[in-house]
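Heads up, start.txt below (compact mmCIF, C-alpha atoms):
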```txt
# COMPACT_ATOMS: atom_id res chain seq x y z
CA MET A 1 94.87 109.15 100.92
CA GLY A 2 98.14 107.71 99.65
CA PRO A 3 99.08 104.05 100.10
CA LEU A 4 97.43 103.62 103.51
CA MET A 5 94.00 102.99 104.99
CA ASP A 6 93.68 102.91 108.76
CA VAL A 7 91.52 100.56 110.80
CA PRO A 8 88.75 103.11 111.58
CA ALA A 9 88.34 103.89 107.89
CA LEU A 10 88.17 100.20 106.98
CA ALA A 11 85.70 99.48 109.78
CA ALA A 12 83.55 102.41 108.63
CA ARG A 13 83.47 101.02 105.10
CA SER A 14 82.35 97.68 106.47
CA ASP A 15 79.64 99.26 108.65
CA ALA A 16 78.37 101.25 105.65
CA GLY A 17 78.25 98.15 103.47
CA GLN A 18 80.79 99.56 101.01
CA ARG A 19 82.36 96.86 98.86
CA THR A 20 85.96 96.22 99.85
CA VAL A 21 88.16 93.34 98.70
CA LEU A 22 90.29 92.28 101.65
CA LEU A 23 93.45 90.32 100.89
CA ASP A 24 95.51 88.57 103.57
CA VAL A 25 99.14 88.38 102.45
CA ARG A 26 100.72 86.77 105.48
CA TRP A 27 104.20 85.55 104.62
CA ALA A 28 107.62 85.57 106.25
CA LEU A 29 111.01 84.28 105.18
CA GLY A 30 111.51 80.86 106.73
CA ASP A 31 107.87 80.32 107.76
CA PRO A 32 106.01 77.83 105.53
CA HIS A 33 102.74 78.01 107.50
CA SER A 34 101.23 81.25 106.19
CA ARG A 35 97.98 79.67 105.06
CA GLN A 36 97.51 77.89 108.38
CA HIS A 37 97.96 81.19 110.23
CA TYR A 38 95.30 82.69 107.96
CA LEU A 39 92.86 79.82 108.59
CA GLU A 40 93.26 80.25 112.35
CA GLY A 41 92.11 83.87 112.20
CA HIS A 42 91.72 86.59 109.57
CA LEU A 43 89.73 89.75 108.93
CA PRO A 44 86.11 88.89 108.09
CA GLY A 45 85.80 88.25 104.36
CA ALA A 46 89.53 88.33 103.69
CA VAL A 47 90.87 86.07 100.92
CA PHE A 48 94.25 84.43 101.44
CA VAL A 49 97.02 85.37 99.03
CA ASP A 50 99.97 83.00 98.69
CA LEU A 51 102.94 85.25 98.05
CA SER A 52 105.24 82.46 96.86
CA THR A 53 102.88 81.12 94.19
CA GLU A 54 100.53 84.02 93.38
CA LEU A 55 102.81 87.05 93.67
CA ALA A 56 105.85 85.33 92.18
CA THR A 57 106.90 82.66 89.71
CA PRO A 58 109.44 79.91 90.49
CA ALA A 59 112.90 81.11 91.43
CA THR A 60 115.72 81.12 88.92
CA PRO A 61 119.31 82.32 89.34
CA ALA A 62 118.82 84.73 86.45
CA ARG A 63 115.72 86.42 87.95
CA GLY A 64 116.03 85.87 91.69
CA ARG A 65 113.91 84.12 94.30
CA HIS A 66 110.59 85.86 93.62
CA PRO A 67 110.34 86.81 89.94
CA LEU A 68 107.29 88.85 89.01
CA PRO A 69 104.58 86.99 87.08
CA VAL A 70 103.59 88.29 83.66
CA HIS A 71 100.62 90.67 83.63
CA ASP A 72 98.13 88.21 82.09
CA GLU A 73 98.86 85.60 84.74
CA PHE A 74 98.59 88.17 87.51
CA GLN A 75 95.28 89.43 86.12
CA GLU A 76 93.83 85.91 86.25
CA THR A 77 95.06 85.55 89.81
CA ALA A 78 93.45 88.85 90.85
CA ARG A 79 90.18 87.69 89.32
CA ARG A 80 90.33 84.56 91.50
CA TRP A 81 90.57 86.85 94.51
CA GLY A 82 87.29 88.44 93.38
CA VAL A 83 88.70 91.76 92.17
CA ASN A 84 86.62 93.81 89.72
CA ASN A 85 87.27 97.13 88.04
CA GLY A 86 86.21 99.91 90.38
CA ASP A 87 86.75 97.89 93.57
CA VAL A 88 88.63 99.14 96.58
CA VAL A 89 91.29 96.62 97.60
CA VAL A 90 92.89 96.58 101.06
CA ALA A 91 95.87 94.29 101.72
CA TYR A 92 97.34 93.41 105.10
CA ASP A 93 99.60 90.95 106.87
CA ASN A 94 100.88 90.39 110.41
CA SER A 95 104.35 91.87 109.90
CA GLY A 96 103.84 95.62 109.49
CA ASN A 97 102.88 95.21 105.82
CA MET A 98 106.34 93.92 104.89
CA ALA A 99 104.70 91.25 102.72
CA ALA A 100 101.42 92.98 101.83
CA ALA A 101 103.34 95.84 100.21
CA ARG A 102 104.38 93.42 97.47
CA LEU A 103 100.71 93.06 96.47
CA TRP A 104 100.14 96.81 96.77
CA TRP A 105 103.04 97.49 94.39
CA MET A 106 102.01 94.81 91.91
CA LEU A 107 98.43 96.07 91.66
CA ARG A 108 99.62 99.65 91.27
CA ASN A 109 102.11 98.47 88.66
CA ALA A 110 99.23 96.82 86.82
CA GLY A 111 97.38 100.13 86.64
CA PHE A 112 94.97 99.41 89.52
CA GLN A 113 94.84 102.56 91.64
CA ASP A 114 92.37 101.90 94.48
CA VAL A 115 94.59 99.58 96.49
CA TYR A 116 95.71 100.31 100.04
CA LEU A 117 97.73 98.83 102.86
CA LEU A 118 95.90 98.44 106.17
CA ASP A 119 98.17 100.50 108.41
CA GLY A 120 99.35 98.31 111.27
CA GLY A 121 97.88 95.20 109.65
CA LEU A 122 96.33 92.40 111.66
CA ALA A 123 97.72 93.72 114.95
CA ALA A 124 96.03 97.10 114.54
CA TRP A 125 92.70 95.38 113.78
CA LEU A 126 92.99 93.29 116.94
CA ASP A 127 94.13 96.26 119.03
CA ALA A 128 90.89 97.99 118.03
CA GLY A 129 88.94 95.09 119.52
CA LEU A 130 87.54 94.00 116.17
CA PRO A 131 86.65 90.37 115.41
CA LEU A 132 88.33 87.74 113.28
CA ASP A 133 86.87 84.91 111.27
CA THR A 134 88.37 81.46 110.79
CA GLY A 135 88.50 79.10 107.86
CA PRO A 136 88.81 79.79 104.14
CA VAL A 137 87.02 82.46 102.13
CA ASP A 138 86.26 81.61 98.50
CA ALA A 139 85.53 84.73 96.49
CA ALA A 140 83.27 84.93 93.45
CA VAL A 141 85.51 85.24 90.39
CA GLY A 142 86.05 88.87 89.43
CA ARG A 143 86.47 90.55 86.07
CA VAL A 144 89.25 93.06 86.64
CA SER A 145 91.14 94.16 83.52
CA PHE A 146 94.58 95.56 84.15
CA ASP A 147 95.61 98.70 82.32
CA VAL A 148 99.23 98.30 81.28
CA SER A 149 101.18 99.11 78.18
CA PRO A 150 103.17 96.55 76.16
CA ALA A 151 106.32 98.32 77.29
CA GLY A 152 105.81 97.50 80.96
CA GLY A 153 104.06 98.46 84.18
CA ARG A 154 102.93 101.74 85.66
CA MET A 155 105.37 101.82 88.57
CA PRO A 156 109.01 102.73 87.90
CA SER A 157 111.41 99.79 88.03
CA ILE A 158 115.00 98.98 87.13
CA ASP A 159 117.01 95.88 86.24
CA ALA A 160 120.48 94.77 87.32
CA ALA A 161 122.22 97.03 84.82
CA GLY A 162 120.21 99.96 86.08
CA ALA A 163 121.09 99.11 89.69
CA ALA A 164 124.78 98.99 88.80
CA ASP A 165 124.67 102.47 87.26
CA TRP A 166 122.21 104.06 89.68
CA PRO A 167 124.58 105.25 92.46
CA ALA A 168 126.50 107.38 89.95
CA THR A 169 123.56 109.74 89.51
CA GLY A 170 121.02 108.83 92.19
CA VAL A 171 120.44 107.13 95.54
CA LEU A 172 120.18 103.33 95.69
CA LEU A 173 118.68 102.07 98.96
CA ASP A 174 119.13 98.55 100.37
CA ALA A 175 116.01 97.73 102.39
CA ARG A 176 117.36 94.58 104.07
CA ALA A 177 118.53 94.29 107.68
CA GLY A 178 121.83 96.00 108.37
CA GLU A 179 123.56 92.68 109.11
CA ARG A 180 122.80 91.45 105.62
CA TYR A 181 123.79 94.75 104.02
CA ARG A 182 127.17 94.67 105.79
CA GLY A 183 127.72 91.03 104.83
CA GLU A 184 127.76 89.72 108.41
CA PHE A 185 124.81 87.40 107.86
CA GLU A 186 123.28 85.92 104.73
CA PRO A 187 120.68 83.19 105.24
CA VAL A 188 119.58 82.46 101.67
CA ASP A 189 121.61 84.14 98.93
CA PRO A 190 124.90 82.79 97.52
CA ARG A 191 127.00 85.83 98.46
CA ALA A 192 126.80 88.22 101.40
CA GLY A 193 127.03 91.99 101.20
CA HIS A 194 125.41 94.67 99.07
CA ILE A 195 125.39 96.24 95.63
CA PRO A 196 128.34 98.66 95.51
CA GLY A 197 127.19 102.21 96.06
CA ALA A 198 123.94 101.25 97.81
CA ARG A 199 123.06 102.81 101.16
CA SER A 200 121.64 100.81 104.05
CA ALA A 201 117.99 101.71 104.75
CA PRO A 202 116.33 98.82 106.63
CA THR A 203 112.61 98.57 105.94
CA THR A 204 111.93 97.94 109.62
CA GLU A 205 112.80 101.59 110.32
CA ASN A 206 109.77 102.74 108.29
CA VAL A 207 107.41 101.63 111.06
CA ASP A 208 106.99 102.09 114.79
CA GLY A 209 106.90 99.38 117.43
CA ALA A 210 103.26 98.63 116.63
CA GLY A 211 103.94 98.15 112.92
CA LEU A 212 102.33 101.47 111.93
CA PHE A 213 104.07 103.56 109.29
CA LEU A 214 105.85 106.57 110.74
CA PRO A 215 104.25 109.96 110.02
CA ALA A 216 105.11 111.49 106.65
CA ASP A 217 107.38 114.18 108.12
CA GLN A 218 109.42 111.61 110.05
CA LEU A 219 109.75 109.40 107.00
CA ARG A 220 110.83 112.38 104.94
CA ARG A 221 113.55 113.25 107.43
CA ARG A 222 114.71 109.62 107.47
CA PHE A 223 115.09 109.49 103.72
CA GLU A 224 116.62 112.96 103.45
CA GLU A 225 119.31 111.84 105.89
CA LEU A 226 120.05 109.05 103.41
CA GLY A 227 120.54 111.56 100.62
CA VAL A 228 117.08 111.40 99.02
CA ARG A 229 115.94 114.69 97.50
CA ASP A 230 113.15 115.78 95.20
CA ASP A 231 115.63 116.32 92.37
CA VAL A 232 117.64 113.11 92.98
CA PRO A 233 116.32 109.81 91.56
CA VAL A 234 115.93 107.01 94.11
CA ALA A 235 115.67 103.25 93.65
CA VAL A 236 115.22 100.44 96.18
CA TYR A 237 116.11 96.75 96.39
CA CYS A 238 115.98 94.10 99.12
CA GLY A 239 116.53 90.34 99.12
CA SER A 240 114.04 89.32 96.46
CA GLY A 241 111.87 92.34 95.71
CA VAL A 242 109.33 91.83 98.52
CA THR A 243 110.07 94.30 101.31
CA ALA A 244 111.61 96.80 98.90
CA ALA A 245 108.00 97.45 97.87
CA HIS A 246 107.36 98.49 101.49
CA GLU A 247 110.14 101.04 101.17
CA VAL A 248 108.63 102.33 97.92
CA ALA A 249 105.36 102.85 99.82
CA ALA A 250 107.17 104.61 102.67
CA LEU A 251 108.96 106.87 100.20
CA GLU A 252 105.62 107.71 98.58
CA ILE A 253 104.20 108.65 101.98
CA ALA A 254 107.24 110.90 102.42
CA GLY A 255 106.59 112.56 99.06
CA PHE A 256 109.17 110.75 96.91
CA GLN A 257 108.68 108.46 93.91
CA ALA A 258 111.05 105.51 93.88
CA ALA A 259 111.92 102.80 91.39
CA LEU A 260 111.95 99.14 92.45
CA TYR A 261 114.60 96.58 91.47
CA PRO A 262 112.38 93.46 91.42
CA GLY A 263 115.21 90.93 91.10
CA SER A 264 117.02 92.55 94.02
CA PHE A 265 120.03 90.97 95.73
CA SER A 266 118.93 87.40 95.05
CA GLU A 267 119.28 88.08 91.33
CA TRP A 268 122.39 90.24 91.68
CA SER A 269 124.35 87.85 93.90
CA ASN A 270 123.69 84.86 91.63
CA ASN A 271 125.63 86.48 88.81
CA PRO A 272 129.37 86.06 89.49
CA ALA A 273 130.15 88.91 87.11
CA ARG A 274 128.41 91.36 89.46
CA PRO A 275 130.58 92.80 92.26
CA VAL A 276 129.48 92.66 95.89
CA ALA A 277 130.66 95.03 98.61
CA THR A 278 130.75 94.36 102.36
CA GLY A 279 130.98 96.70 105.31
CA SER A 280 128.93 99.58 106.64
CA GLY A 281 129.43 102.14 103.87
CA PRO A 282 128.11 102.28 100.30
CA SER A 283 131.46 101.22 98.82
CA GLY A 284 132.28 99.01 101.78
CA HIS A 285 135.39 96.91 101.47
CA ALA A 286 136.87 96.41 98.03
CA ALA A 287 134.14 95.06 95.80
CA ALA A 288 134.56 91.39 95.02
CA ARG A 289 133.41 89.36 92.05
CA GLY A 290 132.58 85.67 91.94
CA GLY A 291 132.03 83.53 95.05
CA VAL A 292 132.22 84.41 98.71
CA ALA A 293 135.53 85.16 100.37
CA SER A 294 137.75 82.30 101.45
CA LYS A 295 137.58 80.91 104.97
CA ASP A 296 140.91 82.58 105.78
CA ASP A 297 139.61 86.02 104.85
CA PRO A 298 138.74 87.99 108.03
CA ARG A 299 135.88 89.55 106.08
CA THR A 300 134.24 86.19 105.39
CA PRO A 301 130.51 86.66 106.04
CA ARG A 302 128.95 84.75 108.88
CA THR A 303 125.98 82.69 107.74
CA ALA A 304 123.30 80.79 109.55
CA ALA A 305 120.01 79.02 108.93
CA PRO A 306 117.14 79.17 109.28
CA CYS A 307 116.64 82.89 108.98
CA PRO A 308 115.40 84.60 112.17
CA PRO A 309 111.87 86.02 111.76
CA ARG A 310 113.11 89.61 112.13
CA PHE A 311 114.96 89.33 108.84
CA ALA A 312 112.46 90.59 106.33
CA GLU A 313 112.73 89.84 102.64
```
As structure tokens, how would this structure be written, given the file I've shared?
Amino acid sequence: MGPLMDVPALAARSDAGQRTVLLDVRWALGDPHSRQHYLEGHLPGAVFVDLSTELATPATPARGRHPLPVHDEFQETARRWGVNNGDVVVAYDNSGNMAAARLWWMLRNAGFQDVYLLDGGLAAWLDAGLPLDTGPVDAAVGRVSFDVSPAGGRMPSIDAAGAADWPATGVLLDARAGERYRGEFEPVDPRAGHIPGARSAPTTENVDGAGLFLPADQLRRRFEELGVRDDVPVAVYCGSGVTAAHEVAALEIAGFQAALYPGSFSEWSNNPARPVATGSGPSGHAAARGGVASKDDPRTPRTAAPCPPRFAE
């Protein structure tokens, strides 16, 4: 079944009375009203998940804008959502699973296997003519126990040093919008551009106009055109480790296993010792260290705020 569950399969589970933990992970960069959107209409029985406080710890320059919580804290959070061992968990959002994929990756990383993304998210549910509920859902506390080793999680991941070395032997994909990769626009991070050697692979190109993941063969062709092969290691980063998880899911659908750089560019760009490249190619313009270019530099990135909704994190 892979990372996805479609609306008919979820509806069939509901009709058959099969236990399913539904988690609403609505979140978008620059929109502080995620919980209000949830209260105004969500899948029946869905519990709201606050990405900023439940899927991340407070931002620090050393770890980026959405550092991963430790496993014990995340386990307690999952119990508050009502998750038990043996449950089937389905996560969704209203942005093509750009946010929900963070939860999918974290549960898989914690050793929880039966977790899926609702393909197409809230829009697909509504397009099927299915109802929504309003107001909060308070789940009975669950008893899930995550299965992780002291050495780390179950999903492959890398740190900043690994990201620096990765392009020498593998493919490093930047899942942010092309404007941010090229350094033309940076709404939140201290420097604009990309990790030298990374290739631009916007997450938005993993889905169609309805927010459904592209078929596996189309995704495979997309990633092969970016240099991904079965015998070539691939890793992904984004702005703060959120939508890069979406790209990991898309790569899995295509038949590739990818490592995630959780700190992503928000961690990388806060360290002045790390070089940043600009331009459309992996090496871009000459990599620069330290702060952004001077105002007289024709390559000075253009910045603006707030971030337009189409810029995923």
note = Ala46 in chain A proximity check over A:Arg26, A:Arg143, A:Arg63, A:Arg108, using all atoms listed in the file: winner is A:Arg26
request  = Measuring atom to atom with only C-alpha atoms, identify which of A:Asp87, A:Asp230, A:Asp165, A:Glu247 is nearest to Val21 in chain A.
outcome  =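 Using only C-alpha atoms, the shortest distance to Val21 in chain A belongs to A:Asp87.
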request  = Would you work out the distance separating CA of Leu43 in chain A from CA of Asp208 in chain A, expressed in Å to one decimal?
outcome  = 22.0 Å
query = In Å, how far is it from CA of Leu55 in chain A to CA of Met106 in chain A?
reply =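 Calculated distance between CA of Leu55 in chain A and CA of Met106 in chain A is 8.0 Å.
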Sphere at (103.3, 79.0, 101.5), radius 10 Å, counting all atoms listed in the file: residues as a ChimeraX atom specification = /A:26-28,30-36,49-54
Take the residues that were just selected and, keeping C-alpha atoms, output them as a compact mmCIF listing (two decimals), in the coordinates of the input.
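Produced file again-v1.txt, reproduced below:
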```txt
# COMPACT_ATOMS: atom_id res chain seq x y z
CA ARG A 26 100.72 86.77 105.48
CA TRP A 27 104.20 85.55 104.62
CA ALA A 28 107.62 85.57 106.25
CA GLY A 30 111.51 80.86 106.73
CA ASP A 31 107.87 80.32 107.76
CA PRO A 32 106.01 77.83 105.53
CA HIS A 33 102.74 78.01 107.50
CA SER A 34 101.23 81.25 106.19
CA ARG A 35 97.98 79.67 105.06
CA GLN A 36 97.51 77.89 108.38
CA VAL A 49 97.02 85.37 99.03
CA ASP A 50 99.97 83.00 98.69
CA LEU A 51 102.94 85.25 98.05
CA SER A 52 105.24 82.46 96.86
CA THR A 53 102.88 81.12 94.19
CA GLU A 54 100.53 84.02 93.38
```
ask   = Using only C-alpha atoms, which residue out of A:Ala192, A:Ala198, A:Leu122, A:Ala235 lies closest to Asn94 in chain A?
value =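 Once distances to Asn94 in chain A are computed over only C-alpha atoms, the minimum belongs to A:Leu122.
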request  = Go ahead and compute the interatomic distance for CA of Ser283 in chain A and CA of Gly178 in chain A, in Å to one decimal.
outcome  = 14.5 Å
Identify the residues around (102.9, 93.4, 98.7) within a radius of 12 Å, measuring from all atoms listed in the file in the coordinates stated by the file, and give them as a compact mmCIF listing (two decimals) with C-alpha atoms, in the coordinates of the input.
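File written: out29.txt
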```txt
# COMPACT_ATOMS: atom_id res chain seq x y z
CA PRO A 3 99.08 104.05 100.10
CA LEU A 23 93.45 90.32 100.89
CA ASP A 24 95.51 88.57 103.57
CA VAL A 25 99.14 88.38 102.45
CA ARG A 26 100.72 86.77 105.48
CA TRP A 27 104.20 85.55 104.62
CA ALA A 28 107.62 85.57 106.25
CA VAL A 49 97.02 85.37 99.03
CA ASP A 50 99.97 83.00 98.69
CA LEU A 51 102.94 85.25 98.05
CA SER A 52 105.24 82.46 96.86
CA GLU A 54 100.53 84.02 93.38
CA LEU A 55 102.81 87.05 93.67
CA ALA A 56 105.85 85.33 92.18
CA HIS A 66 110.59 85.86 93.62
CA LEU A 68 107.29 88.85 89.01
CA VAL A 90 92.89 96.58 101.06
CA ALA A 91 95.87 94.29 101.72
CA TYR A 92 97.34 93.41 105.10
CA ASP A 93 99.60 90.95 106.87
CA SER A 95 104.35 91.87 109.90
CA GLY A 96 103.84 95.62 109.49
CA ASN A 97 102.88 95.21 105.82
CA MET A 98 106.34 93.92 104.89
CA ALA A 99 104.70 91.25 102.72
CA ALA A 100 101.42 92.98 101.83
CA ALA A 101 103.34 95.84 100.21
CA ARG A 102 104.38 93.42 97.47
CA LEU A 103 100.71 93.06 96.47
CA TRP A 104 100.14 96.81 96.77
CA TRP A 105 103.04 97.49 94.39
CA MET A 106 102.01 94.81 91.91
CA LEU A 107 98.43 96.07 91.66
CA ARG A 108 99.62 99.65 91.27
CA ASN A 109 102.11 98.47 88.66
CA VAL A 115 94.59 99.58 96.49
CA TYR A 116 95.71 100.31 100.04
CA LEU A 117 97.73 98.83 102.86
CA LEU A 118 95.90 98.44 106.17
CA GLY A 241 111.87 92.34 95.71
CA VAL A 242 109.33 91.83 98.52
CA THR A 243 110.07 94.30 101.31
CA ALA A 244 111.61 96.80 98.90
CA ALA A 245 108.00 97.45 97.87
CA HIS A 246 107.36 98.49 101.49
CA GLU A 247 110.14 101.04 101.17
CA VAL A 248 108.63 102.33 97.92
CA ALA A 249 105.36 102.85 99.82
CA PRO A 262 112.38 93.46 91.42
CA GLU A 313 112.73 89.84 102.64
```
request  = Return the single residue from A:Ala163, A:Ala62, A:Leu226, A:Val141 that is closest to Thr77 in chain A, with distances computed using all atoms listed in the file.
outcome  =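 Smallest distance to Thr77 in chain A is found for A:Val141.
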Put range 210-239 of chain A into a file with N, CA and C atoms, as an mmCIF file, in the first residue's frame.
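Final output, out.cif:
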```cif
data_model
loop_
_atom_site.group_PDB
_atom_site.id
_atom_site.type_symbol
_atom_site.label_atom_id
_atom_site.label_comp_id
_atom_site.auth_asym_id
_atom_site.auth_seq_id
_atom_site.Cartn_x
_atom_site.Cartn_y
_atom_site.Cartn_z
ATOM 1 N N ALA A 210 -4.868 18.749 -8.318
ATOM 2 C CA ALA A 210 -5.819 18.471 -7.250
ATOM 3 C C ALA A 210 -5.143 18.104 -5.942
ATOM 4 N N GLY A 211 -3.809 18.108 -5.930
ATOM 5 C CA GLY A 211 -3.082 17.759 -4.714
ATOM 6 C C GLY A 211 -2.884 16.275 -4.526
ATOM 7 N N LEU A 212 -3.181 15.475 -5.552
ATOM 8 C CA LEU A 212 -2.956 14.028 -5.499
ATOM 9 C C LEU A 212 -1.535 13.723 -5.944
ATOM 10 N N PHE A 213 -0.890 12.773 -5.281
ATOM 11 C CA PHE A 213 0.445 12.370 -5.712
ATOM 12 C C PHE A 213 0.388 11.851 -7.148
ATOM 13 N N LEU A 214 1.410 12.175 -7.918
ATOM 14 C CA LEU A 214 1.501 11.634 -9.270
ATOM 15 C C LEU A 214 1.662 10.120 -9.205
ATOM 16 N N PRO A 215 1.270 9.408 -10.270
ATOM 17 C CA PRO A 215 1.474 7.957 -10.296
ATOM 18 C C PRO A 215 2.948 7.594 -10.121
ATOM 19 N N ALA A 216 3.191 6.395 -9.645
ATOM 20 C CA ALA A 216 4.557 5.967 -9.320
ATOM 21 C C ALA A 216 5.489 6.073 -10.514
ATOM 22 N N ASP A 217 5.011 5.707 -11.719
ATOM 23 C CA ASP A 217 5.901 5.746 -12.880
ATOM 24 C C ASP A 217 6.277 7.178 -13.246
ATOM 25 N N GLN A 218 5.343 8.116 -13.079
ATOM 26 C CA GLN A 218 5.670 9.512 -13.358
ATOM 27 C C GLN A 218 6.644 10.073 -12.323
ATOM 28 N N LEU A 219 6.434 9.713 -11.069
ATOM 29 C CA LEU A 219 7.372 10.159 -10.047
ATOM 30 C C LEU A 219 8.757 9.576 -10.288
ATOM 31 N N ARG A 220 8.790 8.327 -10.697
ATOM 32 C CA ARG A 220 10.099 7.708 -10.942
ATOM 33 C C ARG A 220 10.839 8.426 -12.069
ATOM 34 N N ARG A 221 10.115 8.746 -13.137
ATOM 35 C CA ARG A 221 10.755 9.481 -14.229
ATOM 36 C C ARG A 221 11.240 10.844 -13.759
ATOM 37 N N ARG A 222 10.429 11.510 -12.954
ATOM 38 C CA ARG A 222 10.833 12.834 -12.430
ATOM 39 C C ARG A 222 12.138 12.746 -11.674
ATOM 40 N N PHE A 223 12.242 11.777 -10.788
ATOM 41 C CA PHE A 223 13.451 11.691 -9.969
ATOM 42 C C PHE A 223 14.641 11.153 -10.763
ATOM 43 N N GLU A 224 14.388 10.276 -11.710
ATOM 44 C CA GLU A 224 15.498 9.805 -12.557
ATOM 45 C C GLU A 224 16.082 10.953 -13.373
ATOM 46 N N GLU A 225 15.231 11.873 -13.812
ATOM 47 C CA GLU A 225 15.735 13.036 -14.550
ATOM 48 C C GLU A 225 16.602 13.938 -13.675
ATOM 49 N N LEU A 226 16.439 13.809 -12.361
ATOM 50 C CA LEU A 226 17.260 14.568 -11.413
ATOM 51 C C LEU A 226 18.502 13.802 -10.982
ATOM 52 N N GLY A 227 18.713 12.632 -11.580
ATOM 53 C CA GLY A 227 19.911 11.860 -11.292
ATOM 54 C C GLY A 227 19.740 10.756 -10.281
ATOM 55 N N VAL A 228 18.519 10.553 -9.774
ATOM 56 C CA VAL A 228 18.295 9.510 -8.775
ATOM 57 C C VAL A 228 18.300 8.141 -9.458
ATOM 58 N N ARG A 229 19.015 7.209 -8.862
ATOM 59 C CA ARG A 229 19.093 5.838 -9.367
ATOM 60 C C ARG A 229 19.029 4.875 -8.192
ATOM 61 N N ASP A 230 18.749 3.621 -8.485
ATOM 62 C CA ASP A 230 18.678 2.627 -7.417
ATOM 63 C C ASP A 230 20.000 2.474 -6.691
ATOM 64 N N ASP A 231 21.110 2.672 -7.412
ATOM 65 C CA ASP A 231 22.427 2.467 -6.815
ATOM 66 C C ASP A 231 23.101 3.775 -6.409
ATOM 67 N N VAL A 232 22.334 4.877 -6.376
ATOM 68 C CA VAL A 232 22.875 6.179 -5.993
ATOM 69 C C VAL A 232 22.118 6.669 -4.757
ATOM 70 N N PRO A 233 22.789 6.935 -3.647
ATOM 71 C CA PRO A 233 22.083 7.401 -2.450
ATOM 72 C C PRO A 233 21.479 8.786 -2.665
ATOM 73 N N VAL A 234 20.282 8.994 -2.106
ATOM 74 C CA VAL A 234 19.595 10.272 -2.265
ATOM 75 C C VAL A 234 19.187 10.801 -0.894
ATOM 76 N N ALA A 235 19.312 12.104 -0.715
ATOM 77 C CA ALA A 235 18.893 12.777 0.512
ATOM 78 C C ALA A 235 18.127 14.034 0.124
ATOM 79 N N VAL A 236 17.269 14.493 1.041
ATOM 80 C CA VAL A 236 16.376 15.619 0.751
ATOM 81 C C VAL A 236 16.398 16.615 1.904
ATOM 82 N N TYR A 237 16.342 17.901 1.567
ATOM 83 C CA TYR A 237 16.129 18.944 2.572
ATOM 84 C C TYR A 237 15.156 19.959 2.005
ATOM 85 N N CYS A 238 14.653 20.836 2.870
ATOM 86 C CA CYS A 238 13.753 21.914 2.448
ATOM 87 C C CYS A 238 14.094 23.137 3.276
ATOM 88 N N GLY A 239 13.087 23.878 3.756
ATOM 89 C CA GLY A 239 13.371 25.032 4.593
ATOM 90 C C GLY A 239 13.651 24.642 6.027
#
```
